[in-house]
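Asks: Have a look at the structure that comes next, please.
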Amino acid sequence: MVKPASLAEHLECHQVSRRGFLKFCALTTSMMALSPSMMPAVARALEKARRPSVIWLSFQECTGCTESLTRSHSPTIENLILNYLSLDYHHTLQAASGDAAERAREAAMSENYGQYILAVDGSIPVKDGGVYSTIAGVSNLEMLQHTVAGAAAVVAIGSCAAFGGLPHAHPNPTGAVPVQELVHDKPVVNVSGCPPIPVVISGVLAHYLTFGRIPDLDSYGRPLSFFGASIHDRCYRRPYYNKGLFAETFDDEGAKNGWCLFKLGCKGPTTYNACATAKWNQGTSFPIQSGHGCIGCSEPHFWDAGGFYQPLSAGIGSVGTLAGMAVVAGAAAGTAAGRLHQAKRKQAQRQHEKVTVADLEETDS
Amino acid sequence: MTVSVERGIQTLKEHIDAPVASFFTTCVHCGMCADACLFYTETKDPKYTPIYKLKPMRRLWHQEYTFWGKLAAKLGLSKPVTAAELKEWEELVYDSCTMCGRCSMTCPVGNDIVYMIRKMREGMVAAGFAPEGLKAATKRAITIGSPMGVKLPALKNQIKHIETDTGLTIPVDVNGAEYMALLSSMEIMNFPEYIGAIAKIFHSAGISWTLASDAFEATNSGIQIGSSDLAAELVARVVAAAERLKVAYVISPECGHAYMALRWEGPNLIGRPFSFKVIHILELLDQLRAQNRLPVTGKIKEKLTLHDPCQIVRRGGVVDEPRRLLDMVAADFEEMEDHGVMNWCCGGGGGVSANERASKLKLTAFNRKRHQLEALGVNTLITACANCRITLEEGLEFNNMDVVVLGLAETLAEHLEQQTSSSATTATQ
Amino acid sequence: MTSVELLIWVRGPGLQLSLAAFILGMTYRILQTYFLGRAKNLAEPRGSEWVHGIKTIWWRSFFHPGMTVRGYFTIISGYMFHLGFIVTLLFFDQHIELFKSWTGLSWPALPPIVITVTAVLGIAALVAVLVDRFADPVRYLLSDYQDYLCWTLTVLPLVTGLLLAYKIWLPYTSLLTVHIISFELLLVAIPFTKLSHVFTIFIARWYNGAIAGYRGVQS
């Protein structure tokens with residue numbers, strides 16, 4: 001099968017109208033926080049964009065990220081863009097298997113050396129030489145190091161690839177690390193989320209296709225345009241937070257009234273993602289809208305950031321044991337110190353030199 | 001054994017106890033105690049802030065009895081208490097503190113500051129830093145038996161006069177009397193009316209009482225200078241006399257710190273409870289009043305007010321008795337704005353009046369009382385402490401104020417109903 | 001360490017350690033003071049130490065005539081700060097969630113706008129007392145570095161809390177981190193500075209009331 005030469009042609013083949021394409025361009029432009037006047041440029045660039053070769057490596061992951069992109073109810077433009085990419089290697093999606101699959105990767109690498117985009121989902125175990133996850137007998141670590149050498153840029157898709165995710169959670173038995181800890185000489189874009197929002201993935205790829213470079217990133221390497229604002233700031237329930245109106249349980253009056261879910265553990269205030277604006281399933285809803293607090297899945301270490309149902313203002317972990325130990329230690333030390341001081345006082349009393357009239361003779365010098 | 005700063009520090013270490021530790025721990029440096037101290041309010045000099053007077057002791061507590069303080073001292077981060085520092089603090093601890101305890105009543109965190117001043121003075125004495133006047137008074141108290149140097153012949157002489165005036169016998173050394181009365185030198189020399197007054201009242205009420213020839217002095221300079229050793233010696237004389245005469249009660253006279261010394265510090269000073277009870281003359285008079293054994297006649301018409309002696313009222317707990325007694329003889333008794341446990345000191349307590357160096361400061365501090373009196377516009381002032389009385393008179397004279405100061409007991413005695421057919425018996429029978 | 005890692009640390013080990021330090025320090029301080037001991041009073045009592053001690057703990061919280069001759073600044077600013085701070089600490093719903101996570105207890109919260117007012121009043125009073133600490137000769141003389149340290153540690157949670165509530169200056173994550181750190185510093189400082197009065201005030205007042213009460217005076 002011969003793939004169409006440009007994205008515009010590709011979309012045309014799939015009965016995506018010009019109007020639909022421009023709508024997508026407008027959305028992408030706004031999501032990337034570009035000026036609306038940039039929309040024609042984005043459209044022109046995307047129309048002409050050539051198929052970039054993409055090698056997709058899946059390491060310690062759950063395929064949720066791929067699911068997020070591909071298991072939409074109806075074909076989306078995001079999905080089509082993905083299809084448009086020359087996805088030369090992807091465990092889950094490719095037909096080839098075994099040696100053939102690995103050979104496809106080798107071939108893509110040598111054909112597009114220095115040009116291809118490396119997409120990674122899943123974290124990389126590095127403990128004990130990386131033995132905890134291997135593909136075709138090759139450790140993830142080795143495969144990543146090998147494949148990244150010829151990549152133009154790396155897109156770490158999902159929180160596992162971006163920040164370590166679930167495998168990295170305490171106590172991290174496999175020594176899982178995110179891509180950015182292993183790749184230092186290539187641009188890395190972190191598209192975090194568990195899973196990430198499809199439009200964010202396509203948006204990043206669209207940006208690369210349009211401008212030939214990766215978008216502006218925040219301090220965690222995430223595209224600022226999608227991760228620049230917190231869920232809390234864009235949340236439609238925010239007014240309730242400001243008024244102090246909270247749902248206390250999932251079925252109380254507050255929950256029914258759609259009040260703020262902070263007390264039920266919503267991590268919206270410290271979570272940066274586009275859920276509240278882009279939403280999921282073609283803009284249908286997002287967790288908070290469906291009555292559940294944000295679990296903060298696009299933030300680093302979100303598995304270790306306390307219970308999903310513990311409010312942000314509550315501490316992480318239980319304090320009972322430590323507090324009990326502190327009482328015991330304080331009581332023991334305090335009693336000991338107090339007794340010691342009492343002994344010192346009593347000692348001073350025993351050594352007391354009786355004051356006599358003679359002592360009053362002395363005059364001040 | 002000589003006085004030294006080391007000995008002073010050692011002594012302070014003996015006296016820093018749990019209450020002191022809790023007070024120093026809790027102080028927030030709010031300065032509200034300054035407002036309670038007449039030496040501050042009348043001078044506006046911040047160094048007279050009560051808690052500031054304890055600064056060296058506070059540092060010693062920190063260095064000796066706290067974790068970080070001990071650490072800091074070991075590392076040389078906090079300097080030790082020096083002789084120069086104690087010398088500097090002598091004025092603050094003695095001249096500008098009458099141990100009136102008003103600061104202890106107002107401290108928002110509940111620090112009993114005067115409790116600590118009392119202890120600080122222990123250290124000051126041991127370090128040799130006490131005012132000369134107070135040292136001399138204390139020496140006289142120990143060696144002669146009275147801070148003013150009053151000896152038995154002088155008392156006997158006064159007794160003779162009083163016996164002539166009143167026609168009553170003043171009992172001395174009566175074994176088995178119920179009450180043993182004590183006097184202050186100030187009363188013997190300046191206000192002998194007191195002796196006559198109690199003699200009249202006791203006679204009228206039929207009380208069996210006596211004086212002790214070897215322990216008539218109630219005052220205790222040891223308490224004022226702040227030496228428990230010396231104070232104990234003075235208390236022991238009273239205890240010995242009371243036990244020798246087998247009295248049931250010892251009457252503390254109209255003297256503030258004498259009551260403090262005997263009633264509250266006494267048993268602790270000699271290290272055992274007394275075999276007798278200590279009762280203040282006002283308490284006794286109030287008991288007589290309640291038993292209708294104090295019949296009085298006529299009331300003073302002029303507006304008058306009551307000066308509460310700190311050690312009797314605020315620090316002693318005899319608060320309502322003087323008021324009930326005064327109501328018997330006063331037609332127009334008006335309280336000062338701050339009265340009872342919140343009254344202001346005369347300015348001469350706690351050894352200040354024995355400390356010549358402090359006389360000017362004492363008169364400045366008296367302005368507080370002057371304002372109180374002027375606000376009421378009274379010409380008669382009743383009190384129940386000879387030391388207050390002399391301080392007040394001095395202050396009034398200095399300010400050319402036309403106010404008469406009277407002792408409460410003698411005022412009552414003056415209004416005592418003359419009994420024609422008394423069933424009471426004299427104590428000397 | 002990234003800001004997220006820092007937040008996790010301050011919400012987790014940081015909070016636990018500071019709470020433990022606070023509990024340990026306070027227990028230590030109280031028992032150390034208590035066990036220093038005091039001599040048994042041999043004088044015959046006129047009143048109950050316990051009754052008067054407890055009464056003084058309560059009554060010393062209230063202003064009574066004769067407490068000041070200089071005016072009401074200290075009293076008003078003192079009440080204003082303490083009430084502002086305590087109400088802000090105990091009646092803001094997010095704080096209640098923290099106490100609930102520690103103790104399992106919770107109580108009704110005040111609306112955020114009320115908390116804003118109490119926090120602002122608390123800060124205003126603190127600023128006023130700081131100015132006064134310099135301006136008033138008595139307080140200036142009594143002050144040492146610890147007074148200024150304690151002032152800073154006390155005002156910081158209020159200020160950072162307000163900034164956090166209104167998202168001023170820094171992102172929420174950073175402000176929350178700073179706010180919690182300021183609270184933790186305060187917790188750790190309490191047992192070892194004059195701030196320990198939050199607990200020892202009960203001991204000091206008790207002793208004061210007991211000493212006076214023994215003699216029959218309600219102090």
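Naming works like this for the structure tokens: A, B, ... for the chains as they're shown, residue 1 at the start of each chain, ligands 1 onward in shown order.
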For Glu67 in chain A, find every residue with an atom within 10 Å (counting only C-alpha atoms), except residues of its own chain fewer than 6 positions away, and show them as a list in words.
Replies: Thr92, Pro195 and Pro198 of chain A
Asks: Suppose we keep all heavy atoms; can you now write the selection as a PDB file, in the first residue's frame?
Replies:
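Full text of again33.pdb as output:
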```
ATOM      1  N   THR A  92       2.291  -3.041  19.469  1.00  0.00           N
ATOM      2  CA  THR A  92       0.877  -3.358  19.543  1.00  0.00           C
ATOM      3  C   THR A  92       0.202  -3.239  18.190  1.00  0.00           C
ATOM      4  O   THR A  92      -0.694  -4.005  17.863  1.00  0.00           O
ATOM      5  CB  THR A  92       0.187  -2.423  20.552  1.00  0.00           C
ATOM      6  OG1 THR A  92       0.992  -2.378  21.717  1.00  0.00           O
ATOM      7  CG2 THR A  92      -1.200  -2.921  20.909  1.00  0.00           C
ATOM      8  N   PRO A 195      -3.909   8.004  30.989  1.00  0.00           N
ATOM      9  CA  PRO A 195      -3.060   8.291  29.829  1.00  0.00           C
ATOM     10  C   PRO A 195      -3.087   9.767  29.470  1.00  0.00           C
ATOM     11  O   PRO A 195      -3.869  10.504  30.029  1.00  0.00           O
ATOM     12  CB  PRO A 195      -3.742   7.468  28.730  1.00  0.00           C
ATOM     13  CG  PRO A 195      -5.194   7.565  29.095  1.00  0.00           C
ATOM     14  CD  PRO A 195      -5.253   7.560  30.594  1.00  0.00           C
ATOM     15  N   PRO A 198      -5.469  12.574  23.947  1.00  0.00           N
ATOM     16  CA  PRO A 198      -5.086  12.344  22.532  1.00  0.00           C
ATOM     17  C   PRO A 198      -4.699  13.614  21.794  1.00  0.00           C
ATOM     18  O   PRO A 198      -3.688  13.644  21.097  1.00  0.00           O
ATOM     19  CB  PRO A 198      -6.341  11.725  21.934  1.00  0.00           C
ATOM     20  CG  PRO A 198      -7.057  11.096  23.081  1.00  0.00           C
ATOM     21  CD  PRO A 198      -6.746  11.928  24.285  1.00  0.00           C
TER      22      PRO A 198
END
```
Asks: Tell me the residues of chain C close to chain B, meaning within 8 Å using only C-alpha atoms, as a count of residues only.
Replies: 48
Asks: Dump as a list of chain:residue names the residues of chain A that approach chain C to within 6 Å, counting only C-alpha atoms.
Replies: A:Gly244, A:Thr270, A:Ala305, A:Ser313, A:Ala314, A:Gly315, A:Ile316, A:Val319, A:Ala323, A:Ala326, A:Val327, A:Gly330, A:Ala331, A:Ala333, A:Gly334, A:Thr335, A:Ala337, A:Gly338, A:Arg339, A:His341, A:Gln342
Asks: Take the residues that were just selected and, keeping C-alpha atoms, output them as an mmCIF file, in the first residue's frame.
Replies:
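File written: part.cif
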```
data_model
loop_
_atom_site.group_PDB
_atom_site.id
_atom_site.type_symbol
_atom_site.label_atom_id
_atom_site.label_comp_id
_atom_site.auth_asym_id
_atom_site.auth_seq_id
_atom_site.Cartn_x
_atom_site.Cartn_y
_atom_site.Cartn_z
ATOM 1 C CA GLY A 244 -15.979 27.027 50.543
ATOM 2 C CA THR A 270 -1.475 21.076 41.733
ATOM 3 C CA ALA A 305 1.636 11.942 46.342
ATOM 4 C CA SER A 313 -4.185 19.936 52.522
ATOM 5 C CA ALA A 314 -3.908 16.712 54.529
ATOM 6 C CA GLY A 315 -0.527 15.159 54.971
ATOM 7 C CA ILE A 316 0.790 12.138 53.124
ATOM 8 C CA VAL A 319 1.448 10.212 61.581
ATOM 9 C CA ALA A 323 3.685 10.887 66.875
ATOM 10 C CA ALA A 326 7.688 11.349 69.682
ATOM 11 C CA VAL A 327 5.528 11.389 72.803
ATOM 12 C CA GLY A 330 9.849 13.416 74.539
ATOM 13 C CA ALA A 331 8.473 12.034 77.779
ATOM 14 C CA ALA A 333 13.984 12.780 77.543
ATOM 15 C CA GLY A 334 11.933 15.396 79.351
ATOM 16 C CA THR A 335 11.655 13.304 82.484
ATOM 17 C CA ALA A 337 16.365 16.097 81.803
ATOM 18 C CA GLY A 338 13.937 17.341 84.440
ATOM 19 C CA ARG A 339 15.186 14.816 86.986
ATOM 20 C CA HIS A 341 18.053 19.335 86.626
ATOM 21 C CA GLN A 342 16.271 18.576 89.858
#
```
Asks: I need the residue nearest Gly298 in chain B from this list: B:Gln418, B:Cys388, B:Leu183, B:Gln158. Use only C-alpha atoms for the distance.
Replies: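 Checking each of B:Gln418, B:Cys388, B:Leu183, B:Gln158 against Gly298 in chain B, counting only C-alpha atoms, the winner is B:Gln418.
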Asks: Restrict the distance test to only C-alpha atoms, flag each residue of chain A within 10 Å of chain B, and return the flagged residues as JSON, numbers by chain.
Replies: {"A": [334, 337, 338, 340, 341, 342, 344, 345, 346, 347, 348, 349, 350, 351, 352, 353, 354, 355, 356, 357, 358, 359, 360, 361, 362, 363, 364, 365]}
Asks: Go ahead and save the picked residues with C-alpha atoms, as a PDB file, in the first residue's frame.
Replies:
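So out_35.pdb came out as:
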```
ATOM      1  CA  GLY A 334      11.933  15.396  79.351  1.00  0.00           C
ATOM      2  CA  ALA A 337      16.365  16.097  81.803  1.00  0.00           C
ATOM      3  CA  GLY A 338      13.937  17.341  84.440  1.00  0.00           C
ATOM      4  CA  LEU A 340      18.767  15.666  86.109  1.00  0.00           C
ATOM      5  CA  HIS A 341      18.053  19.335  86.626  1.00  0.00           C
ATOM      6  CA  GLN A 342      16.271  18.576  89.858  1.00  0.00           C
ATOM      7  CA  LYS A 344      21.461  19.632  90.057  1.00  0.00           C
ATOM      8  CA  ARG A 345      19.181  21.918  92.056  1.00  0.00           C
ATOM      9  CA  LYS A 346      19.232  19.575  95.040  1.00  0.00           C
ATOM     10  CA  GLN A 347      23.009  19.309  94.733  1.00  0.00           C
ATOM     11  CA  ALA A 348      23.257  23.088  94.851  1.00  0.00           C
ATOM     12  CA  GLN A 349      21.025  23.018  97.926  1.00  0.00           C
ATOM     13  CA  ARG A 350      23.251  20.448  99.624  1.00  0.00           C
ATOM     14  CA  GLN A 351      26.303  22.534  98.865  1.00  0.00           C
ATOM     15  CA  HIS A 352      24.531  25.613 100.148  1.00  0.00           C
ATOM     16  CA  GLU A 353      26.743  27.869 102.191  1.00  0.00           C
ATOM     17  CA  LYS A 354      24.661  29.406 104.887  1.00  0.00           C
ATOM     18  CA  VAL A 355      24.394  33.168 104.636  1.00  0.00           C
ATOM     19  CA  THR A 356      25.365  34.793 107.905  1.00  0.00           C
ATOM     20  CA  VAL A 357      25.592  38.326 109.170  1.00  0.00           C
ATOM     21  CA  ALA A 358      29.255  38.175 108.324  1.00  0.00           C
ATOM     22  CA  ASP A 359      28.359  37.963 104.674  1.00  0.00           C
ATOM     23  CA  LEU A 360      26.572  41.269 104.956  1.00  0.00           C
ATOM     24  CA  GLU A 361      29.796  42.945 106.084  1.00  0.00           C
ATOM     25  CA  GLU A 362      31.237  42.775 102.667  1.00  0.00           C
ATOM     26  CA  THR A 363      30.780  45.972 100.834  1.00  0.00           C
ATOM     27  CA  ASP A 364      30.172  46.322  97.165  1.00  0.00           C
ATOM     28  CA  SER A 365      33.318  46.802  95.234  1.00  0.00           C
TER      29      SER A 365
END
```
Asks: Record the distance separating CA of Arg370 in chain B and CA of Met401 in chain B, expressed in Å with one decimal.
Replies: 8.5 Å
Asks: Could you tell me, as an MDAnalysis selection string, which residues of range 38-142 of chain C DSSP assigns to alpha helix (DSSP H) when given the backbone?
Replies: chainID C and resid 49:59 73:91 93:103 112:135 137:142
Asks: May I have the residues from that selection written out with C-alpha atoms, as a compact mmCIF listing (two decimals), in the first residue's frame?
Replies:
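Generated output (selection.txt):
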```txt
# COMPACT_ATOMS: atom_id res chain seq x y z
CA GLU C 49 -4.10 25.39 94.67
CA TRP C 50 -6.09 23.46 92.11
CA VAL C 51 -9.24 25.53 92.21
CA HIS C 52 -7.37 28.81 91.99
CA GLY C 53 -4.85 27.44 89.50
CA ILE C 54 -7.57 26.36 87.10
CA LYS C 55 -9.47 29.60 87.60
CA THR C 56 -6.37 31.64 86.79
CA ILE C 57 -5.79 29.62 83.62
CA TRP C 58 -9.23 30.70 82.52
CA TRP C 59 -9.51 34.22 83.92
CA PHE C 73 -2.93 49.08 72.17
CA THR C 74 -1.26 45.96 73.54
CA ILE C 75 -4.53 44.46 74.62
CA ILE C 76 -6.39 45.10 71.39
CA SER C 77 -3.52 44.07 69.14
CA GLY C 78 -2.89 41.04 71.35
CA TYR C 79 -6.45 39.80 71.16
CA MET C 80 -6.66 40.67 67.47
CA PHE C 81 -3.55 38.71 66.58
CA HIS C 82 -4.34 35.69 68.73
CA LEU C 83 -7.96 35.45 67.65
CA GLY C 84 -7.08 36.11 64.01
CA PHE C 85 -4.41 33.44 64.04
CA ILE C 86 -6.37 30.83 65.97
CA VAL C 87 -9.56 31.25 63.96
CA THR C 88 -7.61 31.11 60.71
CA LEU C 89 -5.76 28.02 61.87
CA LEU C 90 -8.71 26.13 63.28
CA PHE C 91 -11.68 27.16 61.18
CA ASP C 93 -11.84 23.95 55.97
CA GLN C 94 -8.56 22.91 54.37
CA HIS C 95 -6.86 23.16 57.77
CA ILE C 96 -9.65 21.14 59.35
CA GLU C 97 -8.93 18.44 56.76
CA LEU C 98 -5.36 18.33 58.01
CA PHE C 99 -6.42 18.02 61.63
CA LYS C 100 -8.95 15.40 60.59
CA SER C 101 -6.21 13.39 58.91
CA TRP C 102 -4.24 13.53 62.15
CA THR C 103 -6.92 13.04 64.75
CA PRO C 112 -13.28 31.43 53.17
CA ILE C 113 -14.11 35.12 53.12
CA VAL C 114 -14.31 35.17 56.92
CA ILE C 115 -10.97 33.37 57.09
CA THR C 116 -9.52 35.98 54.75
CA VAL C 117 -10.67 38.67 57.15
CA THR C 118 -9.26 36.89 60.23
CA ALA C 119 -5.95 36.29 58.46
CA VAL C 120 -5.71 39.91 57.37
CA LEU C 121 -6.56 41.08 60.88
CA GLY C 122 -3.94 38.73 62.27
CA ILE C 123 -1.30 40.07 59.89
CA ALA C 124 -2.31 43.66 60.57
CA ALA C 125 -2.01 43.09 64.31
CA LEU C 126 1.37 41.42 63.87
CA VAL C 127 2.66 44.31 61.81
CA ALA C 128 1.37 46.72 64.42
CA VAL C 129 3.05 44.87 67.30
CA LEU C 130 6.29 44.68 65.34
CA VAL C 131 6.28 48.43 64.77
CA ASP C 132 5.44 48.84 68.42
CA ARG C 133 8.28 46.53 69.42
CA PHE C 134 10.63 49.04 67.87
CA ALA C 135 8.74 52.13 68.91
CA PRO C 137 11.05 51.59 74.72
CA VAL C 138 9.88 48.85 77.08
CA ARG C 139 9.31 46.27 74.41
CA TYR C 140 12.42 47.33 72.54
CA LEU C 141 14.49 46.79 75.66
CA LEU C 142 12.96 43.38 76.30
```
Asks: Can you tell me which residues surround range 177-181 of chain B at a distance of at most 9 Å, considering only C-alpha atoms, apart from same-chain residues fewer than 5 positions away, and format the answer as number ranges by chain?
Replies: B: 207-212, 216, 218, 241-242, 245-253, 281, 427-428
Asks: Just want the 9 Å neighbourhood of Leu155 in chain B, counted on only C-alpha atoms, with same-chain residues fewer than 2 positions away dropped. Output as a list in words.
Replies: Val150, Lys151, Leu152, Pro153, Asn157, Gln158, Ile159, Lys160, Ser185, Ile188, Met189, Ser213 and Phe216 of chain B
Asks: Mind writing the picked residues with N, CA and C atoms as a PDB file, in the first residue's frame?
Replies:
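New file again28.pdb:
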```pdb
ATOM      1  N   VAL B 150      15.754  48.593 117.937  1.00  0.00           N
ATOM      2  CA  VAL B 150      14.928  48.722 119.138  1.00  0.00           C
ATOM      3  C   VAL B 150      15.215  47.545 120.055  1.00  0.00           C
ATOM      4  N   LYS B 151      15.550  47.871 121.311  1.00  0.00           N
ATOM      5  CA  LYS B 151      15.820  46.793 122.251  1.00  0.00           C
ATOM      6  C   LYS B 151      14.698  46.710 123.284  1.00  0.00           C
ATOM      7  N   LEU B 152      14.760  45.667 124.090  1.00  0.00           N
ATOM      8  CA  LEU B 152      13.696  45.429 125.065  1.00  0.00           C
ATOM      9  C   LEU B 152      13.435  46.628 125.985  1.00  0.00           C
ATOM     10  N   PRO B 153      14.489  47.264 126.480  1.00  0.00           N
ATOM     11  CA  PRO B 153      14.224  48.419 127.361  1.00  0.00           C
ATOM     12  C   PRO B 153      13.379  49.488 126.678  1.00  0.00           C
ATOM     13  N   ASN B 157       9.820  50.706 128.038  1.00  0.00           N
ATOM     14  CA  ASN B 157       9.577  52.123 128.271  1.00  0.00           C
ATOM     15  C   ASN B 157       8.247  52.538 127.639  1.00  0.00           C
ATOM     16  N   GLN B 158       8.031  52.098 126.351  1.00  0.00           N
ATOM     17  CA  GLN B 158       6.789  52.417 125.651  1.00  0.00           C
ATOM     18  C   GLN B 158       5.610  51.768 126.371  1.00  0.00           C
ATOM     19  N   ILE B 159       5.815  50.518 126.796  1.00  0.00           N
ATOM     20  CA  ILE B 159       4.743  49.806 127.479  1.00  0.00           C
ATOM     21  C   ILE B 159       4.290  50.586 128.718  1.00  0.00           C
ATOM     22  N   LYS B 160       5.287  51.107 129.423  1.00  0.00           N
ATOM     23  CA  LYS B 160       4.987  51.867 130.641  1.00  0.00           C
ATOM     24  C   LYS B 160       4.079  53.051 130.299  1.00  0.00           C
ATOM     25  N   SER B 185       9.090  47.249 114.832  1.00  0.00           N
ATOM     26  CA  SER B 185       9.868  48.322 115.446  1.00  0.00           C
ATOM     27  C   SER B 185       9.250  49.666 115.136  1.00  0.00           C
ATOM     28  N   ILE B 188       6.626  50.286 117.536  1.00  0.00           N
ATOM     29  CA  ILE B 188       7.140  50.597 118.874  1.00  0.00           C
ATOM     30  C   ILE B 188       7.634  52.040 118.917  1.00  0.00           C
ATOM     31  N   MET B 189       8.377  52.443 117.899  1.00  0.00           N
ATOM     32  CA  MET B 189       8.996  53.764 117.923  1.00  0.00           C
ATOM     33  C   MET B 189       8.076  54.871 117.393  1.00  0.00           C
ATOM     34  N   SER B 213       9.144  38.758 125.624  1.00  0.00           N
ATOM     35  CA  SER B 213      10.251  39.701 125.801  1.00  0.00           C
ATOM     36  C   SER B 213      11.430  39.379 124.882  1.00  0.00           C
ATOM     37  N   PHE B 216       9.593  39.982 120.374  1.00  0.00           N
ATOM     38  CA  PHE B 216       8.484  40.914 120.154  1.00  0.00           C
ATOM     39  C   PHE B 216       8.495  41.474 118.739  1.00  0.00           C
TER      40      PHE B 216
END
```
Asks: Separation of CA of Ala153 in chain A and CA of Val188 in chain A, in Å?
Replies: 6.1 Å
Asks: Once DSSP has gone over the backbone, tell me which residues of range 67-252 of chain A are in strand (DSSP E), as a PyMOL selection string.
Replies: chain A and resi 86-90+116-121+124-125+134-135+138-139+151-157+176-177+188-191
Asks: I'd like the neighbourhood of Asp128 in chain A as a list of chain:residue names, where a residue qualifies if any of its atoms comes within 12 Å (using only C-alpha atoms), though same-chain residues fewer than 2 positions away should be ignored.
Replies: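 Answer for this query is A:Pro125, A:Val126, A:Gly130, A:Val131, A:Tyr132, A:Ser133, A:Ser139, A:Leu141, A:Pro173, A:Thr174, A:Gly175, A:Ala176.
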Asks: Could you save those same residues with N, CA, C and O atoms as a short mmCIF file (atom, residue, chain, number, x, y, z; two decimals), in the first residue's frame?
Replies:
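selection_18.cif was written with the following content:
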```cif
data_model
loop_
_atom_site.label_atom_id
_atom_site.label_comp_id
_atom_site.auth_asym_id
_atom_site.auth_seq_id
_atom_site.Cartn_x
_atom_site.Cartn_y
_atom_site.Cartn_z
N PRO A 125 13.39 0.14 33.16
CA PRO A 125 14.01 -0.37 34.38
C PRO A 125 15.53 -0.41 34.22
O PRO A 125 16.02 -0.88 33.20
N VAL A 126 16.23 0.12 35.18
CA VAL A 126 17.69 0.13 35.05
C VAL A 126 18.37 -0.70 36.13
O VAL A 126 19.58 -0.92 36.09
N GLY A 130 18.99 -3.79 33.98
CA GLY A 130 17.79 -3.64 33.18
C GLY A 130 17.11 -4.95 32.81
O GLY A 130 16.34 -5.02 31.86
N VAL A 131 17.36 -5.98 33.61
CA VAL A 131 16.83 -7.32 33.26
C VAL A 131 15.33 -7.45 33.43
O VAL A 131 14.73 -8.42 32.98
N TYR A 132 14.73 -6.45 34.08
CA TYR A 132 13.31 -6.63 34.42
C TYR A 132 12.37 -6.41 33.26
O TYR A 132 11.18 -6.67 33.36
N SER A 133 12.86 -5.89 32.15
CA SER A 133 12.00 -5.80 30.96
C SER A 133 12.88 -5.90 29.72
O SER A 133 13.77 -5.09 29.52
N SER A 139 17.42 -5.65 26.50
CA SER A 139 16.82 -4.88 27.59
C SER A 139 16.29 -3.55 27.06
O SER A 139 16.77 -3.02 26.06
N LEU A 141 16.60 -0.72 28.29
CA LEU A 141 17.64 0.31 28.39
C LEU A 141 18.51 0.31 27.14
O LEU A 141 18.75 1.33 26.51
N PRO A 173 10.65 -1.36 42.48
CA PRO A 173 11.49 -2.57 42.54
C PRO A 173 12.38 -2.77 41.31
O PRO A 173 13.40 -3.44 41.41
N THR A 174 11.98 -2.22 40.17
CA THR A 174 12.78 -2.47 38.96
C THR A 174 13.75 -1.34 38.67
O THR A 174 14.46 -1.37 37.67
N GLY A 175 13.77 -0.33 39.53
CA GLY A 175 14.65 0.82 39.28
C GLY A 175 14.20 1.57 38.04
O GLY A 175 15.04 2.02 37.25
N ALA A 176 12.88 1.69 37.87
CA ALA A 176 12.35 2.34 36.67
C ALA A 176 12.69 3.82 36.64
O ALA A 176 12.63 4.50 37.65
#
```
Asks: In Å to one decimal, how far is CA of Leu217 in chain A from CA of Thr160 in chain C?
Replies: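 Going from CA of Thr160 in chain C over to CA of Leu217 in chain A covers 27.6 Å.
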Asks: Excluding Glu193 in chain B and residues on its chain fewer than 2 positions from it, collect all residues at most 12 Å away from it, counting only C-alpha atoms, and give them as a PyMOL selection string.
Replies: chain B and resi 158-159+161-163+165-166+183+186-191+195-200+254+386+406-414
